[in-house]
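J.: Input: one structure, supplied below.
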Protein chains: 2
Amino acid sequence: MSTRNAIELAVSTVIFALRPEGEEAVLSIPLVRRTRDPFAGRWALPGGAAEPAESLAETAARKLFETTALRPAYLEQLYAFGDPDRSPTGRVVSVVYWALVRTELADEGVEDDNVRWFAADDLPDLAFDHNLIVRYALWRLRTKMEYSRIAHALLGETFTLAELRRVHEIVLEKPLDPANFRRHIEASGVLVDTGETVPGGRHRPPRLYRYDTTLQLADNGPLTPPKEPQ
Amino acid sequence: MSTRNAIELAVSTVIFALRPEGEEAVLSIPLVRRTRDPFAGRWALPGGAAEPAESLAETAARKLFETTALRPAYLEQLYAFGDPDRSPTGRVVSVVYWALVRTELADEGVEDDNVRWFAADDLPDLAFDHNLIVRYALWRLRTKMEYSRIAHALLGETFTLAELRRVHEIVLEKPLDPANFRRHIEASGVLVDTGETVPGGRHRPPRLYRYDTTLQLADNGPLTPPKEPQ
């Protein structure tokens with residue numbers, strides 16, 4: 001039994017939000033400064049040891065909240081990282097989740113000397129293999145953004161088509177043609193016109209939309225697999 | 001530290017192969033009969049405790065070989081299953097892999113009273129949450145079959161278009177139009193005509209093809225992420 005106990009099981013989360021920076025929004029992730037060795041002083045993903053009484057997703061959401069005071073709009077398992085050399089002080093297997101936090105909430109999160117938001121594409125040298133983990137989470141986010149409705153979880157309940165397109169542009173790091181984007185989204189049938197427009201005195205105020213079903217605040221792993229292709 | 005040590009970390013693998021049954025091939029998985037409680041006598045996925053000195057994928061491949069005498073043509077992490085109630089005798093988190101084994105090798109595997117192949121869609125009531133795990137692995141296999149070249153790992157080095165189509169039909173459980181399938185595969189540009197034909201005295205022997213790159217005998221997780229969509 002000693003071999004089993006020699007492996008620590010940890011849970012960490014890559015948290016994405018769009019945060020304003022001047023006129024623009026930046027895809028950002030909160031990091032925690034390590035106060036202990038190994039890697040004391042370096043920034044790392046929020047997380048900690050797995051808890052026997054919680055599911056892995058519950059531990060991820062709890063650690064996320066304890067560290068950042070945020071609750072995710074979307075949470076999904078990313079990967080179990082288990083390279084034998086990823087920690088210098090012993091074997092640690094980390095089950096990593098990734099999460100999306102809504103824009104309007106991202107500013108409510110705690111930020112102090114030991115918790116700070118960083119631009120996802122401009123990170124310092126992180127503890128352990130956390131740079132690799134963030135790169136993989138970015139790849140997953142971008143892949144998923146192409147074919148599912150997760151942009152929702154980075155916006156508020158309602159949004160304009162221009163806001164939705166901008167989220168896609170920021171995450172995918174490429175400009176999207178407004179007319180093509182509108183056609184693509186309308187053809188997908190996932191948006192509902194709320195009948196409302198952006199408040200203000202403009203001549204032609206933009207319409208506000210919402211998604212027609214609520215995305216699950218949940219792991220979309222084996223317990224709720226996406227529909228099979230027909 | 002006691003909370004960490006109260007969680008066991010295991011590695012299991014869902015192994016798929018096409019095995020002949022009469023005239024037809026059947027998508028099959030090998031299972032192991034448990035000789036100890038919990039679930040003594042029930043069938044379960046091959047696996048065991050994680051080993052501190054091995055990566056998770058190495059442990060998966062080793063356990064797979066020790067149990068079935070097979071080596072996978074494809075191996076990928078599926079999911080970390082961590083429900084607190086999935087084992088009646090304590091908390092076990094299982095990092096599960098899924099593997100493909102080539103048809104011609106599947107018959108070389110060991111089979112005895114405690115290791116046996118089952119049709120993937122006709123399993124008994126398995127130990128732990130292993131029925132759920134197999135359902136999820138089947139969903140992943142079918143999803144992946146639609147857009148990548150993993151059928152390769154269920155066939156030999158070379159194959160006819162009819163054989164390749166038949167693999168897709170068996171895994172996807174639906175008939176595919178031969179002409180459409182041929183057009184789709186040719187348009188994808190992934191097949192190479194070997195210039196050879198099926199041996200034998202037929203008037204128009206079928207051509208033999210192979211894939212133009214070798215699939216990795218590896219986890220295609222974060223260390224070798226697929227290309228980003230452009």
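All residue names refer to the structure tokens as shown: chains lettered A, B, ... in order, residues numbered from 1 in each chain, ligands numbered from 1 in order.
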Per residue of stretch 150-178 of chain B within 7 Å of stretch 11-30 of chain B, what are the shortest atom pair and its distance in Å to one decimal, counting only C-alpha atoms, with rows by chain and residue number, as JSON lines?
T.:
```
{"residue": "B:Leu154", "atom": "CA", "partner": "B:Ala17", "partner_atom": "CA", "distance": 6.1}
{"residue": "B:Ile170", "atom": "CA", "partner": "B:Leu27", "partner_atom": "CA", "distance": 6.9}
{"residue": "B:Val171", "atom": "CA", "partner": "B:Leu27", "partner_atom": "CA", "distance": 6.7}
```
J.: Select from stretch 106-194 of chain B everything DSSP, run on the backbone, classes as strand (DSSP E), then give the selection as a PyMOL selection string.
T.: chain B and resi 115-119+191-194
J.: Quick one: write out the picked residues with C-alpha atoms as a PDB file, in the first residue's frame?
T.:
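Here's the written file again.pdb:
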```pdb
ATOM      1  CA  VAL B 115      -9.687 -12.621 -18.695  1.00  0.00           C
ATOM      2  CA  ARG B 116     -12.311 -12.621 -21.426  1.00  0.00           C
ATOM      3  CA  TRP B 117     -13.461 -10.549 -24.410  1.00  0.00           C
ATOM      4  CA  PHE B 118     -16.995  -9.159 -24.425  1.00  0.00           C
ATOM      5  CA  ALA B 119     -18.991  -7.391 -27.123  1.00  0.00           C
ATOM      6  CA  LEU B 191      -4.808   7.660 -47.461  1.00  0.00           C
ATOM      7  CA  VAL B 192      -1.887   6.501 -49.555  1.00  0.00           C
ATOM      8  CA  ASP B 193      -2.386   3.971 -52.353  1.00  0.00           C
ATOM      9  CA  THR B 194       0.298   1.349 -51.732  1.00  0.00           C
TER      10      THR B 194
END
```
J.: From the set B:Arg86, B:His184, B:Arg33, B:Arg207, which residue has the shortest atom-to-atom contact distance to chain A, counting only C-alpha atoms?
T.: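 Among B:Arg86, B:His184, B:Arg33, B:Arg207, it is B:Arg86 that comes nearest to chain A.
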J.: Please report the interatomic distance between atom CA of A:Ala151 and atom CA of A:Val101 in Å with one decimal.
T.: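 For atom CA of A:Ala151 relative to atom CA of A:Val101, the distance reads 10.3 Å.
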J.: From a backbone DSSP assignment, name each residue in stretch 61-104 of chain A labelled alpha helix (DSSP H), as a PyMOL selection string.
T.: chain A and resi 61-68+103-104
J.: Grab the residues selected above and save them as a compact mmCIF listing (two decimals), in the first residue's frame with all heavy atoms.
T.:
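Resulting contents of part-v4.txt:
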```
# COMPACT_ATOMS: atom_id res chain seq x y z
N ALA A 61 -14.30 23.62 -7.65
CA ALA A 61 -15.14 24.81 -7.48
C ALA A 61 -14.90 25.45 -6.11
O ALA A 61 -14.87 26.69 -5.99
CB ALA A 61 -16.61 24.43 -7.64
N ARG A 62 -14.71 24.63 -5.07
CA ARG A 62 -14.48 25.18 -3.74
C ARG A 62 -13.16 25.94 -3.67
O ARG A 62 -13.07 27.06 -3.17
CB ARG A 62 -14.53 24.06 -2.69
CG ARG A 62 -14.34 24.56 -1.26
CD ARG A 62 -14.49 23.45 -0.24
NE ARG A 62 -13.61 22.31 -0.51
CZ ARG A 62 -12.31 22.27 -0.23
NH1 ARG A 62 -11.73 23.33 0.33
NH2 ARG A 62 -11.60 21.20 -0.50
N LYS A 63 -12.10 25.31 -4.19
CA LYS A 63 -10.78 25.96 -4.17
C LYS A 63 -10.83 27.26 -4.97
O LYS A 63 -10.22 28.27 -4.61
CB LYS A 63 -9.73 25.04 -4.79
CG LYS A 63 -9.50 23.75 -4.03
CD LYS A 63 -8.49 23.94 -2.93
CE LYS A 63 -8.29 22.63 -2.18
NZ LYS A 63 -7.56 22.85 -0.91
N LEU A 64 -11.54 27.20 -6.10
CA LEU A 64 -11.67 28.38 -6.93
C LEU A 64 -12.31 29.51 -6.13
O LEU A 64 -11.85 30.66 -6.15
CB LEU A 64 -12.55 27.99 -8.13
CG LEU A 64 -12.67 28.89 -9.35
CD1 LEU A 64 -13.21 28.07 -10.53
CD2 LEU A 64 -13.58 30.07 -9.10
N PHE A 65 -13.37 29.18 -5.40
CA PHE A 65 -14.08 30.20 -4.62
C PHE A 65 -13.23 30.69 -3.46
O PHE A 65 -13.14 31.89 -3.18
CB PHE A 65 -15.41 29.64 -4.11
CG PHE A 65 -16.21 30.67 -3.36
CD1 PHE A 65 -16.89 31.67 -4.04
CD2 PHE A 65 -16.27 30.65 -1.98
CE1 PHE A 65 -17.62 32.63 -3.36
CE2 PHE A 65 -16.99 31.61 -1.28
CZ PHE A 65 -17.67 32.60 -1.97
N GLU A 66 -12.57 29.76 -2.76
CA GLU A 66 -11.76 30.16 -1.61
C GLU A 66 -10.63 31.11 -2.02
O GLU A 66 -10.25 32.01 -1.29
CB GLU A 66 -11.15 28.92 -0.94
CG GLU A 66 -12.17 28.10 -0.15
CD GLU A 66 -11.60 26.78 0.36
OE1 GLU A 66 -10.39 26.52 0.13
OE2 GLU A 66 -12.36 26.02 0.96
N THR A 67 -10.10 30.87 -3.20
CA THR A 67 -8.95 31.66 -3.63
C THR A 67 -9.36 32.99 -4.23
O THR A 67 -8.75 34.02 -3.98
CB THR A 67 -8.13 30.90 -4.69
OG1 THR A 67 -7.91 29.58 -4.23
CG2 THR A 67 -6.82 31.59 -4.96
N THR A 68 -10.41 32.96 -5.04
CA THR A 68 -10.71 34.14 -5.85
C THR A 68 -12.06 34.78 -5.51
O THR A 68 -12.39 35.83 -6.05
CB THR A 68 -10.76 33.76 -7.34
OG1 THR A 68 -11.85 32.85 -7.54
CG2 THR A 68 -9.45 33.10 -7.78
N THR A 103 -17.92 38.08 -17.19
CA THR A 103 -17.19 39.36 -17.18
C THR A 103 -17.58 40.24 -16.00
O THR A 103 -16.72 40.77 -15.29
CB THR A 103 -17.47 40.11 -18.48
OG1 THR A 103 -17.09 39.27 -19.55
CG2 THR A 103 -16.69 41.41 -18.53
N GLU A 104 -18.88 40.38 -15.78
CA GLU A 104 -19.30 41.35 -14.76
C GLU A 104 -18.91 40.90 -13.36
O GLU A 104 -18.89 41.69 -12.44
CB GLU A 104 -20.81 41.61 -14.84
CG GLU A 104 -21.67 40.49 -14.30
CD GLU A 104 -22.16 39.56 -15.42
OE1 GLU A 104 -21.37 39.21 -16.31
OE2 GLU A 104 -23.33 39.20 -15.38
```
J.: Choose the residue, out of B:Leu123, B:Ala53, B:Met145, B:Ala73, that has the smallest atom-to-atom separation from A:Val93; count only C-alpha atoms.
T.: B:Ala53
J.: Go through B:Thr160, B:Thr59, B:Asn114, B:Thr143 and flag the residue nearest chain A, using only C-alpha atoms for the distances.
T.: B:Thr143
J.: Might you pull out every residue within 10 Å of B:Val92, with only C-alpha atoms counted and same-chain residues fewer than 2 positions away left off, and present them as a ChimeraX atom specification?
T.: /A:52 /B:6-10,49,81-90,94-95
J.: Closest to chain B among A:Arg91, A:Lys174, A:Arg165, A:Lys144, using only C-alpha atoms?
T.: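 Ranked by minimum distance to chain B, first place goes to A:Arg91.
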